[in-house]
$ cat data_3.txt   # compact mmCIF, C-alpha atoms and all ligand atoms
# COMPACT_ATOMS: atom_id res chain seq x y z
CA MET A 1 -35.63 14.66 -8.76
CA TRP A 2 -33.36 12.80 -6.30
CA ASN A 3 -32.64 10.29 -9.00
CA MET A 4 -31.41 13.03 -11.30
CA ILE A 5 -29.14 14.39 -8.57
CA ALA A 6 -27.73 10.95 -7.85
CA ASN A 7 -27.29 9.97 -11.50
CA ARG A 8 -26.05 13.20 -13.08
CA ILE A 9 -25.03 15.82 -10.59
CA VAL A 10 -23.04 13.63 -8.18
CA PRO A 11 -20.83 12.13 -10.94
CA LEU A 12 -20.38 15.60 -12.45
CA VAL A 13 -19.28 17.04 -9.11
CA LEU A 14 -16.85 14.13 -8.66
CA ILE A 15 -15.36 14.63 -12.14
CA LEU A 16 -14.91 18.36 -11.49
CA ALA A 17 -13.37 17.67 -8.08
CA PHE A 18 -10.81 15.26 -9.58
CA ALA A 19 -10.05 17.63 -12.44
CA ALA A 20 -9.25 20.33 -9.89
CA ILE A 21 -6.53 18.18 -8.26
CA PRO A 22 -3.20 19.17 -9.81
CA ALA A 23 -1.77 16.41 -12.00
CA GLN A 24 0.90 14.39 -10.23
CA THR A 25 3.42 14.31 -13.03
CA ASP A 26 6.65 12.43 -12.54
CA GLU A 27 8.97 15.12 -13.73
CA PHE A 28 12.70 14.64 -13.54
CA THR A 29 15.71 16.25 -15.10
CA LYS A 30 18.78 14.86 -16.85
CA ALA A 31 20.68 15.69 -13.64
CA ASP A 32 18.25 13.54 -11.58
CA GLU A 33 18.66 10.71 -14.06
CA LYS A 34 22.45 10.94 -13.89
CA LYS A 35 22.35 10.97 -10.07
CA TRP A 36 20.14 7.86 -9.98
CA ARG A 37 22.22 6.01 -12.56
CA ASP A 38 25.51 6.91 -10.86
CA SER A 39 24.18 5.83 -7.43
CA PHE A 40 22.92 2.56 -8.90
CA MET A 41 26.17 1.83 -10.74
CA THR A 42 28.23 2.58 -7.62
CA VAL A 43 26.33 -0.18 -5.79
CA VAL A 44 26.58 -2.54 -8.80
CA LEU A 45 30.36 -2.09 -8.89
CA GLU A 46 30.59 -2.64 -5.12
CA GLY A 47 28.59 -5.85 -5.59
CA ASP A 48 30.92 -6.96 -8.37
CA VAL A 49 33.98 -6.51 -6.12
CA LEU A 50 32.23 -8.28 -3.21
CA PHE A 51 31.19 -11.21 -5.41
CA HIS A 52 34.88 -11.79 -6.17
CA SER A 53 36.08 -11.31 -2.57
CA PRO A 54 36.28 -13.70 0.38
CA LEU A 55 33.50 -12.47 2.69
CA GLY A 56 33.59 -15.21 5.31
CA SER A 57 36.27 -16.78 7.50
CA ASN A 58 37.85 -18.89 4.74
CA SER A 59 39.26 -17.70 1.41
CA VAL A 60 36.21 -18.80 -0.59
CA SER A 61 34.34 -16.23 -2.71
CA CYS A 62 30.98 -16.36 -4.51
CA ASP A 63 32.56 -16.48 -7.98
CA MET A 64 34.30 -19.80 -7.21
CA CYS A 65 31.00 -21.69 -7.31
CA HIS A 66 28.98 -19.19 -9.31
CA PRO A 67 31.31 -18.02 -12.13
CA ASN A 68 29.56 -15.18 -14.01
CA ALA A 69 26.77 -15.60 -11.43
CA ALA A 70 26.02 -19.09 -12.81
CA ASN A 71 23.28 -21.02 -11.02
CA THR A 72 22.16 -18.10 -8.87
CA HIS A 73 18.74 -17.75 -10.59
CA PRO A 74 17.75 -14.56 -8.72
CA GLU A 75 14.60 -14.17 -10.80
CA THR A 76 13.14 -17.37 -9.33
CA TYR A 77 12.78 -15.94 -5.80
CA PRO A 78 10.89 -16.15 -3.51
CA LYS A 79 10.57 -19.96 -3.65
CA PHE A 80 10.77 -23.05 -1.47
CA GLN A 81 14.43 -23.73 -0.82
CA LYS A 82 15.29 -27.21 0.48
CA GLN A 83 18.41 -26.08 2.41
CA LEU A 84 16.29 -23.64 4.44
CA GLY A 85 13.15 -25.77 4.62
CA LYS A 86 10.91 -22.80 3.82
CA VAL A 87 9.87 -20.31 1.20
CA ALA A 88 12.91 -18.09 1.10
CA GLY A 89 13.86 -14.76 -0.38
CA LEU A 90 16.98 -14.28 -2.48
CA ARG A 91 18.74 -12.62 0.44
CA ASP A 92 18.03 -15.61 2.72
CA MET A 93 19.77 -17.84 0.19
CA ILE A 94 22.72 -15.46 -0.14
CA ASN A 95 22.99 -15.66 3.66
CA TRP A 96 22.93 -19.46 3.43
CA CYS A 97 25.94 -19.27 1.10
CA ILE A 98 27.73 -16.76 3.33
CA LYS A 99 27.17 -18.99 6.39
CA ASN A 100 27.96 -22.36 4.79
CA PRO A 101 30.41 -22.30 1.87
CA LEU A 102 32.04 -19.03 3.03
CA GLU A 103 31.86 -19.93 6.74
CA GLY A 104 30.90 -16.36 7.53
CA LYS A 105 28.35 -14.49 9.63
CA GLU A 106 24.87 -13.96 8.21
CA LEU A 107 24.18 -10.36 7.22
CA PRO A 108 21.13 -8.28 8.18
CA LEU A 109 18.87 -8.31 5.11
CA ASP A 110 19.26 -4.54 4.71
CA ASP A 111 23.05 -4.57 5.12
CA PRO A 112 24.69 -2.50 2.35
CA VAL A 113 26.86 -5.54 1.49
CA MET A 114 23.72 -7.65 1.07
CA ILE A 115 22.05 -4.97 -1.08
CA ALA A 116 25.14 -4.78 -3.28
CA LEU A 117 25.36 -8.58 -3.64
C1 LIG B 1 31.28 -23.63 -2.32
C2 LIG B 1 30.35 -23.21 -3.36
C3 LIG B 1 29.50 -21.97 -3.17
C4 LIG B 1 29.91 -20.70 -2.88
C5 LIG B 1 31.31 -20.21 -2.64
C6 LIG B 1 28.72 -19.87 -2.93
N1 LIG B 1 27.64 -20.63 -3.24
FE1 LIG B 1 25.81 -19.92 -3.64
N2 LIG B 1 25.15 -21.84 -3.84
C7 LIG B 1 25.92 -22.97 -3.70
C8 LIG B 1 25.06 -24.14 -3.65
C9 LIG B 1 25.50 -25.58 -3.50
C10 LIG B 1 23.75 -23.65 -3.78
C11 LIG B 1 22.44 -24.43 -3.76
C12 LIG B 1 21.94 -24.73 -5.09
C13 LIG B 1 20.47 -25.01 -5.01
O1 LIG B 1 20.07 -25.94 -4.34
O2 LIG B 1 19.70 -24.24 -5.59
C14 LIG B 1 23.85 -22.21 -3.92
C15 LIG B 1 22.79 -21.38 -4.16
C16 LIG B 1 22.89 -20.02 -4.33
C17 LIG B 1 21.80 -19.18 -4.74
C18 LIG B 1 20.40 -19.68 -5.08
C19 LIG B 1 20.44 -20.44 -6.40
C20 LIG B 1 19.10 -20.95 -6.87
O3 LIG B 1 19.07 -21.61 -7.91
O4 LIG B 1 18.07 -20.71 -6.23
C21 LIG B 1 22.26 -17.91 -4.77
C22 LIG B 1 21.49 -16.66 -5.14
C23 LIG B 1 23.65 -17.96 -4.37
N3 LIG B 1 23.99 -19.24 -4.14
C24 LIG B 1 24.46 -16.85 -4.23
C25 LIG B 1 25.72 -16.92 -3.70
C26 LIG B 1 26.49 -15.77 -3.29
C27 LIG B 1 26.04 -14.32 -3.40
C28 LIG B 1 27.67 -16.23 -2.82
C29 LIG B 1 28.77 -15.44 -2.17
C30 LIG B 1 28.39 -14.72 -0.95
C31 LIG B 1 27.66 -17.69 -2.96
N4 LIG B 1 26.44 -18.06 -3.46
C32 LIG B 1 28.71 -18.52 -2.67
C33 LIG B 1 27.28 -23.01 -3.63
C34 LIG B 1 28.07 -21.92 -3.37
$ encode --input "data_3.txt" --output "structure tokens"
Amino acid sequence: MWNMIANRIVPLVLILAFAAIPAQTDEFTKADEKKWRDSFMTVVLEGDVLFHSPLGSNSVSCDMCHPNAANTHPETYPKFQKQLGKVAGLRDMINWCIKNPLEGKELPLDDPVMIAL
């Protein structure tokens, strides 16, 4: 008797309980999509301008050493980075470049300039 309850009725009750939860569909409209794309592209374009601008105390900009983002390899992060002596995130390495080649001040990791870069 208890076996039957455990084996059949409990799973059935669980299935019915889950079926009663409204489906969490990810519905969005064309207007949502446009808003997301426009917001994203605004930040991409800001990043493009920043990449070609002197951000530190000298007149050096990212594109001088990384034309067309050459040798930035963002997809390889996080990884051990010799310059920092630790496993670093992409933003840590961007800060290394801001501090050293650009002779600038490191940015907070959530700084809008950092996000755009
Ligand atoms: C004077 C040249 C110079 C400038 C200017 C410069 N970098 Fe770098 N960057 C380097 C060097 C050198 C490395 C180290 C390469 C290595 O060891 O991986 C590096 C590494 C990087 C890496 C990691 C590359 C990798 O393979 O892991 C990123 C990302 C990066 N730079 C982004 C930037 C950004 C963004 C800027 C502008 C804020 C910038 N760099 C400005 C010289 C420069």
$ axis_aligned_box --input "data_3.txt" --around "ligand LIG 1 (chain B)" --padding-each-side "5 Å" --output "JSON"
{"center_x": 24.7, "center_y": -20.1, "center_z": -4.4, "size_x": 23.2, "size_y": 21.6, "size_z": 17.0}
$ closest_residue --input "data_3.txt" --among "A:Ile94, A:Ala116, A:Leu45, A:Ala69" --to "ligand LIG 1 (chain B)" --atoms "all atoms listed in the file"
A:Ile94
$ atom_distance --input "data_3.txt" --atom1 "atom FE1 of ligand LIG 1 (chain B)" --atom2 "CA of Cys97 in chain A"
4.8 Å
$ closest_atom_pairs --input "data_3.txt" --of "chain A" --to "ligand LIG 1 (chain B)" --cutoff "6 Å" --atoms "all atoms listed in the file" --output "JSON lines"
{"residue": "A:Phe51", "atom": "CA", "partner": "B:LIG1", "partner_atom": "C29", "distance": 5.9}
{"residue": "A:Val60", "atom": "CA", "partner": "B:LIG1", "partner_atom": "C5", "distance": 5.5}
{"residue": "A:Ser61", "atom": "CA", "partner": "B:LIG1", "partner_atom": "C5", "distance": 5.0}
{"residue": "A:Cys62", "atom": "CA", "partner": "B:LIG1", "partner_atom": "C29", "distance": 3.3}
{"residue": "A:Met64", "atom": "CA", "partner": "B:LIG1", "partner_atom": "C5", "distance": 5.5}
{"residue": "A:Cys65", "atom": "CA", "partner": "B:LIG1", "partner_atom": "C2", "distance": 4.3}
{"residue": "A:Asn71", "atom": "CA", "partner": "B:LIG1", "partner_atom": "O3", "distance": 5.3}
{"residue": "A:Thr72", "atom": "CA", "partner": "B:LIG1", "partner_atom": "C19", "distance": 3.8}
{"residue": "A:His73", "atom": "CA", "partner": "B:LIG1", "partner_atom": "O3", "distance": 4.7}
{"residue": "A:Pro74", "atom": "CA", "partner": "B:LIG1", "partner_atom": "C22", "distance": 5.6}
{"residue": "A:Leu90", "atom": "CA", "partner": "B:LIG1", "partner_atom": "C22", "distance": 5.8}
{"residue": "A:Met93", "atom": "CA", "partner": "B:LIG1", "partner_atom": "C17", "distance": 5.5}
{"residue": "A:Ile94", "atom": "CA", "partner": "B:LIG1", "partner_atom": "C24", "distance": 4.7}
{"residue": "A:Cys97", "atom": "CA", "partner": "B:LIG1", "partner_atom": "C31", "distance": 4.7}
{"residue": "A:Ile98", "atom": "CA", "partner": "B:LIG1", "partner_atom": "C30", "distance": 4.8}
{"residue": "A:Pro101", "atom": "CA", "partner": "B:LIG1", "partner_atom": "C1", "distance": 4.5}
{"residue": "A:Leu102", "atom": "CA", "partner": "B:LIG1", "partner_atom": "C5", "distance": 5.8}
{"residue": "A:Leu117", "atom": "CA", "partner": "B:LIG1", "partner_atom": "C27", "distance": 5.8}
$ atom_distance --input "data_3.txt" --atom1 "CA of Pro112 in chain A" --atom2 "CA of Gly56 in chain A"
15.8 Å
$ atom_distance --input "data_3.txt" --atom1 "CA of Lys86 in chain A" --atom2 "CA of Ala70 in chain A"
22.8 Å
